[in-house]
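So this one's final-v2.cif, mmCIF, C-alpha atoms (C1' of nucleotides):
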data_my_file
#
loop_
_atom_site.group_PDB
_atom_site.id
_atom_site.type_symbol
_atom_site.label_atom_id
_atom_site.label_comp_id
_atom_site.auth_asym_id
_atom_site.auth_seq_id
_atom_site.Cartn_x
_atom_site.Cartn_y
_atom_site.Cartn_z
ATOM 1 C CA MET A 1 14.957 -17.937 12.940
ATOM 2 C CA GLU A 2 18.284 -18.797 11.388
ATOM 3 C CA ILE A 3 18.609 -15.444 9.646
ATOM 4 C CA ASN A 4 20.034 -12.539 11.630
ATOM 5 C CA LEU A 5 17.742 -9.664 10.680
ATOM 6 C CA LEU A 6 19.931 -7.136 12.452
ATOM 7 C CA LYS A 7 22.855 -8.196 10.311
ATOM 8 C CA ILE A 8 20.710 -7.908 7.182
ATOM 9 C CA TYR A 9 19.955 -4.360 8.284
ATOM 10 C CA GLU A 10 23.612 -3.535 8.684
ATOM 11 C CA ILE A 11 24.405 -4.872 5.219
ATOM 12 C CA LEU A 12 21.585 -2.868 3.639
ATOM 13 C CA LEU A 13 22.637 0.298 5.452
ATOM 14 C CA LYS A 14 26.199 -0.116 4.290
ATOM 15 C CA GLU A 15 25.054 -0.795 0.737
ATOM 16 C CA TYR A 16 22.540 2.039 0.352
ATOM 17 C CA GLY A 17 23.302 4.487 3.146
ATOM 18 C CA HIS A 18 20.797 6.592 5.064
ATOM 19 C CA GLN A 19 17.488 6.875 3.190
ATOM 20 C CA GLU A 20 16.083 10.196 4.474
ATOM 21 C CA TRP A 21 12.605 8.904 5.299
ATOM 22 C CA TRP A 22 9.959 10.310 5.695
ATOM 23 C CA PRO A 23 10.209 13.443 3.490
ATOM 24 C CA ALA A 24 7.681 15.858 5.044
ATOM 25 C CA ASP A 25 7.468 19.190 6.846
ATOM 26 C CA SER A 26 4.947 18.146 9.494
ATOM 27 C CA SER A 27 3.392 15.097 11.119
ATOM 28 C CA PHE A 28 0.151 15.856 9.304
ATOM 29 C CA GLU A 29 1.960 15.818 5.983
ATOM 30 C CA VAL A 30 3.344 12.385 6.875
ATOM 31 C CA ALA A 31 -0.176 11.181 7.562
ATOM 32 C CA VAL A 32 -1.469 12.534 4.257
ATOM 33 C CA GLY A 33 1.455 10.977 2.412
ATOM 34 C CA ALA A 34 0.885 7.642 4.125
ATOM 35 C CA ILE A 35 -2.667 7.571 2.807
ATOM 36 C CA LEU A 36 -1.772 8.782 -0.667
ATOM 37 C CA THR A 37 0.999 6.211 -1.094
ATOM 38 C CA GLN A 38 -1.286 3.223 -0.653
ATOM 39 C CA ASN A 39 -0.499 0.976 -3.602
ATOM 40 C CA THR A 40 0.837 4.034 -5.408
ATOM 41 C CA SER A 41 4.276 5.139 -6.571
ATOM 42 C CA TRP A 42 5.906 7.923 -4.571
ATOM 43 C CA ALA A 43 6.257 10.094 -7.666
ATOM 44 C CA ASN A 44 2.482 10.217 -7.981
ATOM 45 C CA VAL A 45 2.162 10.952 -4.273
ATOM 46 C CA GLU A 46 4.553 13.891 -4.566
ATOM 47 C CA ALA A 47 2.506 15.332 -7.395
ATOM 48 C CA ALA A 48 -0.630 15.123 -5.265
ATOM 49 C CA ILE A 49 1.054 16.640 -2.202
ATOM 50 C CA ASP A 50 2.454 19.465 -4.324
ATOM 51 C CA ARG A 51 -1.051 20.273 -5.528
ATOM 52 C CA LEU A 52 -2.321 20.344 -1.953
ATOM 53 C CA ARG A 53 0.541 22.574 -0.861
ATOM 54 C CA GLU A 54 0.275 24.953 -3.796
ATOM 55 C CA SER A 55 -3.423 25.428 -3.184
ATOM 56 C CA GLY A 56 -2.767 26.096 0.489
ATOM 57 C CA MET A 57 -4.701 23.007 1.540
ATOM 58 C CA LEU A 58 -1.949 21.019 3.224
ATOM 59 C CA ASP A 59 -3.462 21.845 6.569
ATOM 60 C CA ALA A 60 -5.578 19.697 8.872
ATOM 61 C CA ARG A 61 -8.135 22.370 9.763
ATOM 62 C CA LYS A 62 -8.670 23.379 6.141
ATOM 63 C CA LEU A 63 -8.935 19.827 4.815
ATOM 64 C CA ALA A 64 -11.329 18.925 7.610
ATOM 65 C CA GLU A 65 -13.734 21.562 6.289
ATOM 66 C CA GLU A 66 -13.219 21.068 2.562
ATOM 67 C CA SER A 67 -15.528 18.937 0.402
ATOM 68 C CA THR A 68 -14.356 15.503 -0.686
ATOM 69 C CA GLU A 69 -14.946 16.605 -4.287
ATOM 70 C CA VAL A 70 -12.383 19.394 -4.029
ATOM 71 C CA ILE A 71 -9.915 17.226 -2.121
ATOM 72 C CA GLY A 72 -10.346 14.453 -4.664
ATOM 73 C CA ALA A 73 -9.592 16.776 -7.549
ATOM 74 C CA LEU A 74 -6.387 17.896 -5.831
ATOM 75 C CA VAL A 75 -5.072 14.420 -5.004
ATOM 76 C CA LYS A 76 -6.127 12.879 -8.306
ATOM 77 C CA PRO A 77 -2.546 12.211 -9.511
ATOM 78 C CA ALA A 78 -2.135 9.678 -6.687
ATOM 79 C CA GLY A 79 -5.018 7.507 -7.913
ATOM 80 C CA PHE A 80 -7.888 5.991 -5.903
ATOM 81 C CA TRP A 81 -8.832 9.605 -5.369
ATOM 82 C CA LYS A 82 -12.416 9.141 -4.195
ATOM 83 C CA ALA A 83 -11.430 6.841 -1.365
ATOM 84 C CA LYS A 84 -8.287 8.775 -0.511
ATOM 85 C CA ALA A 85 -10.127 12.101 -0.395
ATOM 86 C CA ARG A 86 -12.546 10.671 2.131
ATOM 87 C CA THR A 87 -9.768 9.163 4.222
ATOM 88 C CA ILE A 88 -7.735 12.372 4.168
ATOM 89 C CA LYS A 89 -10.717 14.399 5.263
ATOM 90 C CA SER A 90 -11.357 11.947 8.095
ATOM 91 C CA ILE A 91 -7.799 12.038 9.359
ATOM 92 C CA ALA A 92 -7.670 15.799 8.975
ATOM 93 C CA ARG A 93 -10.646 16.008 11.302
ATOM 94 C CA VAL A 94 -8.919 13.766 13.822
ATOM 95 C CA PHE A 95 -5.752 15.857 13.697
ATOM 96 C CA SER A 96 -7.530 19.182 13.992
ATOM 97 C CA GLU A 97 -9.742 18.012 16.854
ATOM 98 C CA ASN A 98 -6.847 16.671 18.917
ATOM 99 C CA SER A 99 -4.060 19.177 18.243
ATOM 100 C CA PHE A 100 -1.594 16.479 17.224
ATOM 101 C CA GLU A 101 0.571 19.077 15.518
ATOM 102 C CA GLU A 102 1.532 20.661 18.843
ATOM 103 C CA GLY A 103 3.633 17.653 19.737
ATOM 104 C CA CYS A 104 2.119 17.112 23.170
ATOM 105 C CA ASN A 105 -0.396 14.605 21.897
ATOM 106 C CA LYS A 106 -0.558 11.681 19.501
ATOM 107 C CA PRO A 107 -3.178 9.309 18.145
ATOM 108 C CA THR A 108 -3.506 5.728 19.340
ATOM 109 C CA ARG A 109 -3.160 2.914 16.860
ATOM 110 C CA ARG A 110 -6.760 1.988 17.502
ATOM 111 C CA ALA A 111 -7.967 5.503 16.751
ATOM 112 C CA LEU A 112 -6.122 5.469 13.446
ATOM 113 C CA LEU A 113 -7.527 2.066 12.492
ATOM 114 C CA GLU A 114 -11.052 3.329 13.117
ATOM 115 C CA ILE A 115 -10.616 5.691 10.191
ATOM 116 C CA LYS A 116 -11.972 4.093 7.046
ATOM 117 C CA GLY A 117 -9.105 3.808 4.608
ATOM 118 C CA VAL A 118 -6.417 3.449 7.269
ATOM 119 C CA GLY A 119 -5.213 -0.119 7.745
ATOM 120 C CA SER A 120 -2.353 -1.711 9.645
ATOM 121 C CA GLU A 121 0.482 -0.521 7.456
ATOM 122 C CA THR A 122 -0.752 3.036 7.101
ATOM 123 C CA ALA A 123 -1.371 3.304 10.854
ATOM 124 C CA ASP A 124 2.103 2.032 11.694
ATOM 125 C CA ALA A 125 3.717 4.313 9.121
ATOM 126 C CA ILE A 126 1.991 7.316 10.673
ATOM 127 C CA LEU A 127 2.945 6.290 14.207
ATOM 128 C CA LEU A 128 6.540 5.554 13.266
ATOM 129 C CA TYR A 129 7.361 8.438 10.943
ATOM 130 C CA ALA A 130 5.067 11.175 12.228
ATOM 131 C CA PHE A 131 5.032 10.441 15.956
ATOM 132 C CA ALA A 132 8.235 8.494 16.614
ATOM 133 C CA GLU A 133 6.412 5.495 18.034
ATOM 134 C CA ALA A 134 8.204 2.155 17.700
ATOM 135 C CA ALA A 135 5.779 0.559 15.250
ATOM 136 C CA PHE A 136 7.647 -1.552 12.716
ATOM 137 C CA VAL A 137 6.121 -1.062 9.281
ATOM 138 C CA VAL A 138 5.531 -4.180 7.234
ATOM 139 C CA ASP A 139 4.650 -4.141 3.557
ATOM 140 C CA LYS A 140 4.728 -6.125 0.360
ATOM 141 C CA TYR A 141 8.465 -5.573 0.041
ATOM 142 C CA THR A 142 9.123 -6.837 3.548
ATOM 143 C CA ARG A 143 7.528 -10.138 2.661
ATOM 144 C CA ARG A 144 9.403 -10.262 -0.624
ATOM 145 C CA LEU A 145 12.701 -9.740 1.166
ATOM 146 C CA LEU A 146 12.099 -12.649 3.529
ATOM 147 C CA ILE A 147 11.123 -14.886 0.630
ATOM 148 C CA ARG A 148 14.378 -13.994 -1.083
ATOM 149 C CA LEU A 149 16.193 -14.868 2.102
ATOM 150 C CA GLY A 150 14.836 -18.373 1.742
ATOM 151 C CA LEU A 151 12.182 -18.026 4.420
ATOM 152 C CA ASN A 152 8.492 -18.746 4.230
ATOM 153 C CA PRO A 153 6.974 -15.669 5.886
ATOM 154 C CA PRO A 154 3.518 -15.883 7.502
ATOM 155 C CA GLU A 155 0.526 -14.371 5.720
ATOM 156 C CA GLY A 156 -0.846 -12.004 8.334
ATOM 157 C CA TYR A 157 0.471 -8.498 8.923
ATOM 158 C CA GLN A 158 0.934 -8.931 12.643
ATOM 159 C CA ALA A 159 2.677 -12.292 12.326
ATOM 160 C CA LEU A 160 5.129 -10.874 9.831
ATOM 161 C CA GLN A 161 5.697 -7.809 11.966
ATOM 162 C CA ALA A 162 6.370 -10.006 14.999
ATOM 163 C CA ILE A 163 9.314 -11.633 13.251
ATOM 164 C CA PHE A 164 11.081 -8.293 13.043
ATOM 165 C CA VAL A 165 9.986 -7.017 16.432
ATOM 166 C CA LYS A 166 11.350 -10.007 18.305
ATOM 167 C CA SER A 167 14.594 -10.033 16.289
ATOM 168 C CA LEU A 168 15.464 -6.351 16.615
ATOM 169 C CA PRO A 169 16.062 -3.909 19.448
ATOM 170 C CA ARG A 170 13.011 -1.708 19.961
ATOM 171 C CA ASP A 171 14.395 1.464 18.470
ATOM 172 C CA VAL A 172 12.505 4.095 16.482
ATOM 173 C CA GLU A 173 15.419 5.161 14.327
ATOM 174 C CA LEU A 174 16.259 1.557 13.512
ATOM 175 C CA TYR A 175 12.654 0.820 12.582
ATOM 176 C CA ARG A 176 12.502 3.906 10.377
ATOM 177 C CA GLU A 177 15.694 3.176 8.546
ATOM 178 C CA TYR A 178 15.088 -0.540 8.170
ATOM 179 C CA HIS A 179 11.732 -0.136 6.462
ATOM 180 C CA ALA A 180 13.149 2.499 4.130
ATOM 181 C CA LEU A 181 16.094 0.262 3.278
ATOM 182 C CA ILE A 182 13.864 -2.711 2.544
ATOM 183 C CA VAL A 183 11.849 -0.616 0.107
ATOM 184 C CA ARG A 184 15.005 0.715 -1.488
ATOM 185 C CA HIS A 185 16.560 -2.731 -1.801
ATOM 186 C CA CYS A 186 13.512 -4.415 -3.268
ATOM 187 C CA LYS A 187 12.859 -1.596 -5.731
ATOM 188 C CA THR A 188 16.379 -1.809 -7.078
ATOM 189 C CA VAL A 189 17.743 -5.328 -6.734
ATOM 190 C CA CYS A 190 15.044 -7.837 -5.842
ATOM 191 C CA LYS A 191 12.949 -6.642 -8.732
ATOM 192 C CA SER A 192 15.543 -6.823 -11.468
ATOM 193 C CA THR A 193 17.447 -9.982 -10.612
ATOM 194 C CA PRO A 194 15.942 -13.451 -10.693
ATOM 195 C CA ALA A 195 17.560 -14.426 -7.392
ATOM 196 C CA CYS A 196 19.890 -12.895 -4.836
ATOM 197 C CA SER A 197 22.940 -14.245 -6.629
ATOM 198 C CA GLU A 198 24.042 -10.743 -7.551
ATOM 199 C CA CYS A 199 22.882 -8.636 -4.635
ATOM 200 C CA CYS A 200 24.513 -7.532 -1.386
ATOM 201 C CA LEU A 201 22.626 -10.199 0.572
ATOM 202 C CA GLN A 202 23.721 -13.151 -1.552
ATOM 203 C CA SER A 203 25.527 -14.979 1.234
ATOM 204 C CA HIS A 204 22.327 -14.926 3.284
ATOM 205 C CA CYS A 205 20.000 -16.003 0.509
ATOM 206 C CA ASP A 206 18.693 -19.371 -0.425
ATOM 207 C CA LEU A 207 20.116 -19.674 -3.919
ATOM 208 C CA THR A 208 18.335 -22.923 -4.631
ATOM 209 C CA LYS A 209 15.062 -21.199 -5.480
ATOM 210 C "C1'" DC B 1 -0.375 -3.064 -24.953
ATOM 211 C "C1'" DG B 2 0.502 -4.921 -20.150
ATOM 212 C "C1'" DC B 3 2.371 -4.502 -15.500
ATOM 213 C "C1'" DC B 4 3.029 -2.354 -11.194
ATOM 214 C "C1'" DA B 5 3.345 1.161 -7.547
ATOM 215 C "C1'" DG B 6 5.787 2.756 -0.169
ATOM 216 C "C1'" DG B 7 -2.975 -0.910 0.655
ATOM 217 C "C1'" DG B 8 -7.462 -1.416 2.227
ATOM 218 C "C1'" DC B 9 -12.450 -2.300 1.812
ATOM 219 C "C1'" DC B 10 -16.045 -5.221 0.910
ATOM 220 C "C1'" DA B 11 -18.821 -9.157 -0.883
ATOM 221 C "C1'" DT B 12 -18.848 -13.875 -0.941
ATOM 222 C "C1'" DA B 13 -18.361 -18.619 0.880
ATOM 223 C "C1'" DT C 1 -11.141 -16.289 8.321
ATOM 224 C "C1'" DA C 2 -9.881 -16.299 3.930
ATOM 225 C "C1'" DT C 3 -9.650 -15.382 -0.823
ATOM 226 C "C1'" DG C 4 -10.832 -12.164 -4.913
ATOM 227 C "C1'" DG C 5 -12.443 -8.066 -7.165
ATOM 228 C "C1'" DC C 6 -12.150 -3.455 -6.995
ATOM 229 C "C1'" DC C 7 -10.395 1.220 -6.702
ATOM 230 C "C1'" DA C 8 -7.293 5.042 -10.535
ATOM 231 C "C1'" DT C 9 -3.309 7.506 -12.012
ATOM 232 C "C1'" DG C 10 1.282 7.687 -14.225
ATOM 233 C "C1'" DG C 11 5.800 5.597 -15.655
ATOM 234 C "C1'" DC C 12 7.949 2.237 -18.183
#
Show me this structure written as structure tokens.
Amino acid sequence: MEINLLKIYEILLKEYGHQEWWPADSSFEVAVGAILTQNTSWANVEAAIDRLRESGMLDARKLAEESTEVIGALVKPAGFWKAKARTIKSIARVFSENSFEEGCNKPTRRALLEIKGVGSETADAILLYAFAEAAFVVDKYTRRLLIRLGLNPPEGYQALQAIFVKSLPRDVELYREYHALIVRHCKTVCKSTPACSECCLQSHCDLTK
DNA sequence: CGCCAGGGCCATA
DNA sequence: TATGGCCATGGC
């Protein structure tokens, strides 16, 4: 790996500053947000979370008992509402049965992946942002960033994640900030410019493509 | 009108 | 195991 991913992090942090991720009042709210944000803009997720909060349903024990029809109607602004309602109810049951909110307990990655609707990225986001576990979150933007850096990132989630894990110190705060910065960077710069010729990472980018 | 957003499941080969 | 279609709403 000829690119120093820690240095890329430092440049992004200097450029954009601290990103304040993940905006939530509880670990359960992080989990709900992680499900709602699947292939969905954060603005739509906020609308759905607001509806849950305003109806008093942003609570694991209540959602675990509520019908998927009612949950679906509440989270509708976030899209994919049938699937997401089912997934939220499932994870609400897991949270309420294991008292994860008390802080003395947390789910395993395997347990999260057993929930239908929770895949690798969602599981890692929950572990990292709700339970402070060092699980580096990889997403579409992460791949896009590496491509812009002139690399040819591997296809699989785990292979892509491994590139970051072996290049960075295993640190929860670093993992949290880095993922947030990658999203921020790609949403602003990588999207609007044809190459990295105008962005803060230009000296690290392959400008030939 | 089209495209995409802080993915994941499932059928098909 | 590896692609492709599908899910759904809202902003631009």
- Message: What's around region 65-70 of chain A at 9 Å? Count all atoms listed in the file, leave out sequence neighbours fewer than 3 positions away in its own chain, and write the answer as number ranges by chain.
- Response: A: 57, 60-62, 73-75, 82, 85-86, 88-89, 92-93
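Taken over the whole file, the PyMOL selection byres ((chain B and resi 12) around 12) covers exactly DC10, DA11 and DA13 of chain B; DA2, DT3, DG4 and DG5 of chain C.
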The selected residues should be written to file as a short mmCIF file (atom, residue, chain, number, x, y, z; two decimals), keeping the file's coordinate frame (atoms: C-alpha atoms (C1' of nucleotides)).
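Result went into out-v3.cif, see below:
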data_model
loop_
_atom_site.label_atom_id
_atom_site.label_comp_id
_atom_site.auth_asym_id
_atom_site.auth_seq_id
_atom_site.Cartn_x
_atom_site.Cartn_y
_atom_site.Cartn_z
"C1'" DC B 10 -16.05 -5.22 0.91
"C1'" DA B 11 -18.82 -9.16 -0.88
"C1'" DA B 13 -18.36 -18.62 0.88
"C1'" DA C 2 -9.88 -16.30 3.93
"C1'" DT C 3 -9.65 -15.38 -0.82
"C1'" DG C 4 -10.83 -12.16 -4.91
"C1'" DG C 5 -12.44 -8.07 -7.16
#
Excluding DG10 (chain C) and any residue of its chain fewer than 5 positions from it, enumerate the residues within 9 Å of it, using all atoms listed in the file, and give them as a PDB file with C-alpha atoms, in the frame of the given file.
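Full text of result.pdb as output:
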ATOM      1  CA  SER A  41       4.276   5.139  -6.571  1.00  0.00           C
ATOM      2  CA  ALA A  43       6.257  10.094  -7.666  1.00  0.00           C
ATOM      3  CA  ASN A  44       2.482  10.217  -7.981  1.00  0.00           C
ATOM      4  CA  PRO A  77      -2.546  12.211  -9.511  1.00  0.00           C
ATOM      5  CA  ALA A  78      -2.135   9.678  -6.687  1.00  0.00           C
ATOM      6  CA  GLY A  79      -5.018   7.507  -7.913  1.00  0.00           C
TER       7      GLY A  79
END
- Item | Between C1' of DG11 (chain C) and CA of Thr40 (chain A) - distance in Å to one decimal | 11.5 Å
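Selection by the PyMOL selection byres ((chain B and resi 6) around 9) on the present file picks out Ala34, Thr37, Gln38, Asn39, Thr40, Ser41, Trp42, Asp139, Lys140, Tyr141, Ala180 and Val183 of chain A; DA5 of chain B.
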Residues of chain C that have any atom at most 6 Å from an atom of chain A: could you tabulate them with the shortest-distance atom pair and the distance in Å to one decimal, using all atoms listed in the file, ordered by chain and increasing number, as JSON lines?
{"residue": "C:DC7", "atom": "C1'", "partner": "A:Phe80", "partner_atom": "CA", "distance": 5.4}
{"residue": "C:DA8", "atom": "C1'", "partner": "A:Gly79", "partner_atom": "CA", "distance": 4.3}
{"residue": "C:DT9", "atom": "C1'", "partner": "A:Gly79", "partner_atom": "CA", "distance": 4.4}
- Could you check how far CA of Ser197 (chain A) sits from CA of Pro154 (chain A), in Å to one decimal?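 We find that CA of Ser197 (chain A) and CA of Pro154 (chain A) lie 24.1 Å from each other.
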- Could you tell me which residues the PyMOL selection byres ((chain A and resi 189) around 12) returns for this structure, as an MDAnalysis selection string? chainID A and resid 12 15:16 141 144:145 148 181:188 190:202
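Between CA of Leu174 (chain A) and CA of Thr122 (chain A) lies a distance of 18.2 Å.
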- Message: Which residues are near region 100-105 of chain A? Cut-off 9 Å, all atoms listed in the file, ignore same chain within fewer than 6 positions. Put them as number ranges by chain.
- Response: A: 26-28, 94, 131
Centre and edges of the region 48-55 of chain A box, axis-aligned, 4 Å extra per side, as lines of an AutoDock Vina configuration file:
center_x = -0.5
center_y = 20.3
center_z = -3.2
size_x = 13.9
size_y = 18.3
size_z = 12.7
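Distance check against chain B using all atoms listed in the file: of A:Leu160, A:Phe136, A:Val172, A:Val45, the minimum falls on A:Val45.
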- Would you list the contacts of Tyr129 (chain A) as JSON, numbers by chain, taking every protein, DNA or RNA residue within 8 Å and counting only C-alpha atoms (C1' of nucleotides), but skipping same-chain residues closer than 6 positions in sequence? {"A": [21, 22, 27, 30, 176]}
- Show which residues sit within 8 Å of Ala31 (chain A), as a count of residues only. Count all atoms listed in the file, and ignore same-chain residues fewer than 5 positions away. 3
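Between chain B and the residues A:Thr142, A:Asn152, A:Ser55, A:Ser167, the shortest atom-to-atom distance, using all atoms listed in the file, involves A:Thr142.
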